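Novice: So here's final_24.txt (compact mmCIF, C-alpha atoms).
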# COMPACT_ATOMS: atom_id res chain seq x y z
CA MET A 21 15.25 -26.20 -31.58
CA GLY A 22 17.80 -28.14 -29.57
CA THR A 23 17.60 -31.76 -28.51
CA HIS A 24 16.50 -30.81 -24.99
CA GLN A 25 13.55 -28.85 -26.40
CA HIS A 26 12.39 -31.91 -28.34
CA LYS A 27 12.49 -33.81 -25.03
CA HIS A 28 10.53 -31.02 -23.36
CA GLU A 29 7.91 -31.24 -26.11
CA LYS A 30 7.40 -34.97 -25.48
CA LYS A 31 7.31 -34.54 -21.70
CA THR A 32 4.78 -31.73 -21.97
CA MET A 33 2.61 -33.84 -24.29
CA TRP A 34 2.53 -36.69 -21.74
CA VAL A 35 1.57 -34.28 -18.95
CA VAL A 36 -1.26 -32.89 -21.09
CA LEU A 37 -2.54 -36.43 -21.72
CA LEU A 38 -2.24 -37.40 -18.04
CA THR A 39 -4.08 -34.27 -16.92
CA PHE A 40 -6.73 -34.72 -19.62
CA VAL A 41 -7.43 -38.34 -18.62
CA THR A 42 -7.67 -37.32 -14.95
CA MET A 43 -10.07 -34.52 -15.90
CA ILE A 44 -12.35 -36.93 -17.82
CA VAL A 45 -12.33 -39.52 -15.02
CA GLU A 46 -13.14 -36.94 -12.34
CA ILE A 47 -15.96 -35.40 -14.38
CA ILE A 48 -17.49 -38.82 -15.16
CA PHE A 49 -17.32 -39.99 -11.54
CA GLY A 50 -18.48 -36.56 -10.35
CA LEU A 51 -21.61 -36.91 -12.49
CA THR A 52 -22.29 -40.58 -11.69
CA THR A 53 -21.73 -40.18 -7.93
CA ARG A 54 -23.23 -36.67 -7.82
CA SER A 55 -20.08 -35.46 -6.11
CA MET A 56 -19.70 -31.71 -6.53
CA ALA A 57 -16.13 -31.89 -5.21
CA LEU A 58 -15.05 -34.36 -7.90
CA LEU A 59 -16.93 -32.47 -10.61
CA ALA A 60 -15.43 -29.12 -9.58
CA ASP A 61 -11.90 -30.53 -9.49
CA GLY A 62 -12.43 -32.12 -12.91
CA ILE A 63 -13.42 -28.74 -14.34
CA HIS A 64 -10.43 -27.18 -12.57
CA MET A 65 -8.19 -29.79 -14.24
CA GLY A 66 -9.55 -28.54 -17.55
CA SER A 67 -7.98 -25.13 -16.97
CA HIS A 68 -4.59 -26.81 -16.53
CA VAL A 69 -5.10 -28.88 -19.68
CA LEU A 70 -5.56 -25.55 -21.47
CA ALA A 71 -2.51 -23.91 -19.89
CA ILE A 72 -0.10 -26.84 -20.24
CA GLY A 73 -1.55 -27.61 -23.67
CA LEU A 74 -0.49 -24.10 -24.68
CA SER A 75 3.10 -24.98 -23.73
CA TRP A 76 2.98 -28.15 -25.81
CA VAL A 77 1.52 -26.35 -28.84
CA ALA A 78 4.28 -23.74 -28.54
CA TYR A 79 6.93 -26.48 -28.85
CA VAL A 80 5.17 -27.94 -31.89
CA ILE A 81 4.97 -24.55 -33.60
CA ALA A 82 8.57 -23.65 -32.71
CA ARG A 83 9.80 -26.98 -34.13
CA LYS A 84 7.89 -26.49 -37.38
CA VAL A 85 8.92 -22.88 -38.00
CA ALA A 86 12.54 -23.64 -37.06
CA GLY A 87 12.70 -26.02 -40.03
CA SER A 88 10.94 -23.65 -42.39
CA LYS A 89 12.96 -21.62 -44.89
CA ARG A 90 10.23 -18.98 -44.91
CA PHE A 91 10.80 -18.23 -41.23
CA SER A 92 13.89 -16.15 -40.49
CA GLY A 93 13.07 -15.12 -36.92
CA ASP A 94 14.03 -16.59 -33.56
CA SER A 95 11.83 -19.61 -32.80
CA GLY A 96 12.83 -19.25 -29.15
CA LYS A 97 10.59 -16.16 -29.01
CA ILE A 98 7.58 -18.44 -29.48
CA LEU A 99 8.53 -20.35 -26.34
CA SER A 100 9.07 -17.11 -24.40
CA LEU A 101 5.69 -15.79 -25.58
CA SER A 102 4.02 -19.03 -24.49
CA GLY A 103 5.77 -18.79 -21.12
CA TYR A 104 4.59 -15.20 -20.70
CA THR A 105 1.01 -16.13 -21.60
CA SER A 106 1.08 -19.06 -19.17
CA GLY A 107 2.40 -16.71 -16.51
CA LEU A 108 -0.65 -14.50 -17.02
CA LEU A 109 -2.96 -17.53 -16.77
CA LEU A 110 -1.19 -18.64 -13.59
CA LEU A 111 -1.68 -15.17 -12.13
CA VAL A 112 -5.39 -15.24 -13.01
CA PHE A 113 -5.81 -18.69 -11.43
CA ALA A 114 -4.12 -17.45 -8.25
CA PHE A 115 -6.46 -14.46 -7.93
CA ILE A 116 -9.49 -16.71 -8.58
CA ILE A 117 -8.38 -19.05 -5.77
CA MET A 118 -7.89 -16.08 -3.44
CA ALA A 119 -11.28 -14.56 -4.34
CA GLU A 120 -13.07 -17.88 -3.74
CA ALA A 121 -11.24 -18.35 -0.44
CA ILE A 122 -12.17 -14.87 0.79
CA ASP A 123 -15.79 -15.40 -0.25
CA ARG A 124 -15.83 -18.75 1.58
CA PHE A 125 -14.41 -17.03 4.69
CA PHE A 126 -17.39 -14.65 4.86
CA ASN A 127 -19.92 -17.17 3.53
CA PRO A 128 -18.92 -20.53 5.05
CA GLU A 129 -20.44 -23.72 3.63
CA ASP A 130 -20.73 -27.24 4.93
CA ILE A 131 -17.77 -29.32 3.79
CA VAL A 132 -17.86 -33.07 3.12
CA TYR A 133 -14.35 -33.48 4.49
CA LYS A 134 -13.50 -37.08 3.58
CA GLU A 135 -14.67 -36.67 -0.02
CA ALA A 136 -12.88 -33.35 -0.44
CA ILE A 137 -9.65 -34.77 1.00
CA LEU A 138 -9.85 -37.76 -1.39
CA VAL A 139 -10.17 -35.44 -4.38
CA ALA A 140 -7.23 -33.36 -3.16
CA ILE A 141 -5.10 -36.50 -2.77
CA ILE A 142 -5.93 -37.58 -6.35
CA GLY A 143 -4.95 -34.15 -7.61
CA LEU A 144 -1.72 -34.21 -5.60
CA PHE A 145 -0.63 -37.58 -7.03
CA VAL A 146 -1.35 -36.49 -10.60
CA ASN A 147 0.57 -33.25 -10.20
CA VAL A 148 3.53 -34.88 -8.46
CA ALA A 149 3.76 -37.36 -11.35
CA SER A 150 3.53 -34.47 -13.83
CA ALA A 151 6.22 -32.52 -11.96
CA PHE A 152 8.60 -35.48 -12.23
CA LEU A 153 7.94 -35.64 -15.98
CA LEU A 154 8.58 -31.91 -16.44
CA HIS A 155 11.58 -31.66 -14.12
CA HIS A 156 14.62 -30.37 -15.98
CA LYS A 157 18.17 -29.23 -15.35
CA ASP A 158 18.66 -25.49 -14.92
CA GLU A 159 21.10 -25.25 -17.79
CA HIS A 160 18.53 -26.73 -20.18
CA SER A 161 15.61 -24.63 -18.98
CA ASP A 162 13.42 -22.33 -21.04
CA HIS A 163 10.47 -20.14 -20.14
CA ASN A 164 7.95 -22.46 -21.77
CA ILE A 165 8.88 -25.63 -19.84
CA ARG A 166 9.28 -23.52 -16.71
CA ALA A 167 5.71 -22.26 -17.17
CA ALA A 168 4.32 -25.78 -17.53
CA TYR A 169 6.36 -26.92 -14.52
CA LEU A 170 5.09 -24.03 -12.39
CA HIS A 171 1.50 -24.83 -13.33
CA VAL A 172 1.73 -28.40 -12.00
CA ILE A 173 3.76 -27.33 -8.95
CA ALA A 174 1.19 -24.62 -8.18
CA ASP A 175 -1.63 -27.14 -8.46
CA ALA A 176 0.30 -29.60 -6.28
CA LEU A 177 0.79 -26.86 -3.68
CA THR A 178 -2.94 -26.10 -3.78
CA SER A 179 -3.79 -29.78 -3.33
CA LEU A 180 -1.30 -30.18 -0.46
CA SER A 181 -2.56 -27.08 1.34
CA ALA A 182 -6.13 -28.32 0.85
CA ILE A 183 -5.27 -31.73 2.35
CA LEU A 184 -3.57 -30.15 5.38
CA GLY A 185 -6.22 -27.48 5.80
CA LEU A 186 -9.17 -29.85 5.41
CA THR A 187 -7.63 -32.41 7.76
CA ALA A 188 -6.98 -29.78 10.43
CA ALA A 189 -10.48 -28.35 9.96
CA MET A 190 -12.03 -31.82 10.26
CA ILE A 191 -10.06 -32.74 13.40
CA TRP A 192 -10.44 -29.45 15.26
CA ASP A 193 -13.71 -28.31 13.63
CA ILE A 194 -12.22 -25.01 12.47
CA PRO A 195 -13.39 -24.59 8.84
CA PHE A 196 -11.54 -21.32 8.21
CA ILE A 197 -8.15 -23.10 8.41
CA ASP A 198 -8.88 -24.44 4.92
CA THR A 199 -9.52 -20.87 3.74
CA ILE A 200 -6.27 -19.56 5.24
CA ALA A 201 -4.32 -22.39 3.56
CA ALA A 202 -5.87 -21.47 0.18
CA ILE A 203 -4.95 -17.78 0.59
CA ILE A 204 -1.34 -18.61 1.51
CA SER A 205 -1.08 -20.91 -1.53
CA SER A 206 -2.45 -18.22 -3.83
CA LEU A 207 0.13 -15.69 -2.54
CA VAL A 208 2.95 -18.13 -3.27
CA ILE A 209 1.58 -18.78 -6.77
CA ILE A 210 1.32 -15.03 -7.42
CA ARG A 211 5.00 -14.67 -6.52
CA TRP A 212 5.96 -17.49 -8.92
CA SER A 213 3.85 -16.09 -11.75
CA LEU A 214 5.34 -12.60 -11.38
CA GLY A 215 8.84 -14.09 -11.57
CA LEU A 216 7.89 -15.98 -14.73
CA LEU A 217 6.36 -12.85 -16.28
CA ARG A 218 9.47 -10.84 -15.45
CA ASP A 219 11.95 -13.31 -16.92
CA SER A 220 9.94 -14.24 -20.03
CA GLY A 221 9.18 -10.54 -20.60
CA LYS A 222 12.92 -9.75 -20.54
CA SER A 223 13.49 -12.49 -23.12
CA LEU A 224 10.79 -11.10 -25.40
CA LEU A 225 12.30 -7.61 -25.16
CA ASP A 226 15.85 -8.94 -25.63
CA MET A 227 16.86 -7.59 -22.24
CA LYS A 228 19.77 -9.12 -20.36
CA GLU A 229 18.60 -11.95 -18.11
CA GLY A 230 18.92 -11.41 -14.41
CA ARG A 231 18.91 -14.02 -11.71
CA GLN A 232 16.02 -16.41 -12.21
CA GLY A 233 13.91 -17.73 -9.41
CA LYS A 234 10.45 -18.62 -8.40
Written as structure tokens, how would this file's structure read?

Specialist:
Amino acid sequence: MGTHQHKHEKKTMWVVLLTFVTMIVEIIFGLTTRSMALLADGIHMGSHVLAIGLSWVAYVIARKVAGSKRFSGDSGKILSLSGYTSGLLLLVFAFIIMAEAIDRFFNPEDIVYKEAILVAIIGLFVNVASAFLLHHKDEHSDHNIRAAYLHVIADALTSLSAILGLTAAMIWDIPFIDTIAAIISSLVIIRWSLGLLRDSGKSLLDMKEGRQGK
């Protein structure tokens, strides 16, 4: 592992801790205030703890096997495999968001707008902070850190679209705007995840890398 990958390991660890603390706080306050919005977002944060935690564990394993005389393979494959797995998780999350949005479109529910917007703002701040931690130069990128970065960017996009959609719905009393915003966000995330799966898959198969992009 290179020096930049050691830095990525530390950055990913801090993002996991930040996300984990936010998850615990939201779940505790969701239970004590009986806020379903806070509780649901706390549980949602748990899925990102799992996904980004996978990226961190991959760095730890790659670092350990790289220094082992018993391991003669390419430790970079571990990072590519983690990136590919995270890409699959990101794709699953996107389809779940889309399915919930479509269901909400046909089965609308009463929304506590101010509370929901507050939760979305908390999520946005946490993910923006995480994105700054995970931001890296293109020449020092790898599929694993890219996967973690895309997870927090995707969640930030979801939070931002929720804030805009909920605010518009509250002002103009058009609830389905929130649903449309969620569907658009999920389509963008699907595009990102497919790009990650393509590039990390090429790395795993030792295929020549093409142009990378979200």

Novice: For a test of reading the model, state the distance in Å between CA of Thr39 (chain A) and CA of Val80 (chain A), rounded to one decimal.

Specialist: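 Atom-to-atom, CA of Thr39 (chain A) to CA of Val80 (chain A), that is 18.7 Å.
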
Novice: Compute the distance from (-8.8, -24.8, 0.6) to each atom, counting all atoms listed in the file, keep the residues with any atom at most 9 Å away, and return them as a count of residues only; use the coordinates of the file.

Specialist: 19

Novice: Between A:Thr187, A:Ser223, A:Thr32, A:Ser67, which has the minimum distance to Ile141 (chain A) (counting all atoms listed in the file)?

Specialist: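 For Ile141 (chain A), the nearest of the given residues is A:Thr187.
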
Novice: If you take every atom of region 203-222 of chain A that the file lists and fit an axis-aligned box around them with 3 Å extra on each side, what centre and edge lengths come out in Å to one decimal, as lines of an AutoDock Vina configuration file?

Specialist:
center_x = 4.0
center_y = -15.3
center_z = -9.5
size_x = 23.9
size_y = 17.2
size_z = 28.1

Novice: Using CA of Lys31 (chain A) and CA of Leu224 (chain A) as the two end points, give the distance in Å to one decimal.

Specialist: 24.0 Å

Novice: Can you list, as a list in words, every protein, DNA or RNA residue that comes within 6 Å of Gly62 (chain A) when you count all atoms listed in the file, leaving out same-chain residues fewer than 3 positions away?

Specialist: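 That gives Met43, Glu46, Ile47, Leu59 and Met65 of chain A.
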
Novice: Which neighbours of Val146 (chain A) fall inside 12 Å, counting all atoms listed in the file, when residues of the same chain fewer than 5 positions from it are skipped, and could you give them as a short mmCIF file (atom, residue, chain, number, x, y, z; two decimals) with C-alpha atoms, in the frame of the given file?

Specialist:
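Listing of result-v7.cif after writing:
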data_model
loop_
_atom_site.label_atom_id
_atom_site.label_comp_id
_atom_site.auth_asym_id
_atom_site.auth_seq_id
_atom_site.Cartn_x
_atom_site.Cartn_y
_atom_site.Cartn_z
CA TRP A 34 2.53 -36.69 -21.74
CA VAL A 35 1.57 -34.28 -18.95
CA VAL A 36 -1.26 -32.89 -21.09
CA LEU A 37 -2.54 -36.43 -21.72
CA LEU A 38 -2.24 -37.40 -18.04
CA THR A 39 -4.08 -34.27 -16.92
CA PHE A 40 -6.73 -34.72 -19.62
CA VAL A 41 -7.43 -38.34 -18.62
CA THR A 42 -7.67 -37.32 -14.95
CA MET A 43 -10.07 -34.52 -15.90
CA GLU A 46 -13.14 -36.94 -12.34
CA MET A 65 -8.19 -29.79 -14.24
CA HIS A 68 -4.59 -26.81 -16.53
CA VAL A 139 -10.17 -35.44 -4.38
CA ALA A 140 -7.23 -33.36 -3.16
CA ILE A 141 -5.10 -36.50 -2.77
CA ALA A 151 6.22 -32.52 -11.96
CA PHE A 152 8.60 -35.48 -12.23
CA LEU A 153 7.94 -35.64 -15.98
CA VAL A 172 1.73 -28.40 -12.00
CA ILE A 173 3.76 -27.33 -8.95
CA ASP A 175 -1.63 -27.14 -8.46
CA ALA A 176 0.30 -29.60 -6.28
CA SER A 179 -3.79 -29.78 -3.33
CA LEU A 180 -1.30 -30.18 -0.46
#

Novice: If I take CA of Pro128 (chain A) and CA of Ala114 (chain A), how far is one from the other in Å, to one decimal?

Specialist: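 Computing the Euclidean distance for CA of Pro128 (chain A) and CA of Ala114 (chain A) yields 20.1 Å.
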
Novice: Might you pull out every residue within 8 Å of region 208-211 of chain A, with only C-alpha atoms counted and same-chain residues fewer than 3 positions away left off, and present them as a ChimeraX atom specification?

Specialist: /A:110-111,114-115,174,204-205,214-215,234

Novice: Closest to Ser75 (chain A) among A:Trp212, A:Tyr169, A:Phe49, A:Tyr133, using all atoms listed in the file?

Specialist: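 Counting all atoms listed in the file, the residue closest to Ser75 (chain A) is A:Tyr169.
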
Novice: Give me, as number ranges by chain, all polymer residues having an atom no more than 9 Å from Ala168 (chain A), counting all atoms listed in the file and skipping those fewer than 6 positions away in the same chain.

Specialist: A: 32, 71-76, 103, 106, 151, 154

Novice: Can you write out the residues you just picked, keeping C-alpha atoms, as a short mmCIF file (atom, residue, chain, number, x, y, z; two decimals), in the coordinates of the input?

Specialist:
data_model
loop_
_atom_site.label_atom_id
_atom_site.label_comp_id
_atom_site.auth_asym_id
_atom_site.auth_seq_id
_atom_site.Cartn_x
_atom_site.Cartn_y
_atom_site.Cartn_z
CA THR A 32 4.78 -31.73 -21.97
CA ALA A 71 -2.51 -23.91 -19.89
CA ILE A 72 -0.10 -26.84 -20.24
CA GLY A 73 -1.55 -27.61 -23.67
CA LEU A 74 -0.49 -24.10 -24.68
CA SER A 75 3.10 -24.98 -23.73
CA TRP A 76 2.98 -28.15 -25.81
CA GLY A 103 5.77 -18.79 -21.12
CA SER A 106 1.08 -19.06 -19.17
CA ALA A 151 6.22 -32.52 -11.96
CA LEU A 154 8.58 -31.91 -16.44
#

Novice: Could you check which of A:Met33, A:Val85, A:Leu101, A:Val45 is closest to Val69 (chain A), using only C-alpha atoms?

Specialist: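 Smallest separation from Val69 (chain A) among the options: A:Met33.
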
Novice: Go through A:Val77, A:Met118, A:Ile131, A:Val112 and flag the residue nearest His28 (chain A), using all atoms listed in the file for the distances.

Specialist: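 Once distances to His28 (chain A) are computed over all atoms listed in the file, the minimum belongs to A:Val77.
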
Novice: List the residues sitting within 8 Å of (7.7, -21.9, -22.4) in the file's frame, using all atoms listed in the file, as a VMD selection string.

Specialist: chain A and resid 75 78 to 79 98 to 104 106 162 to 168
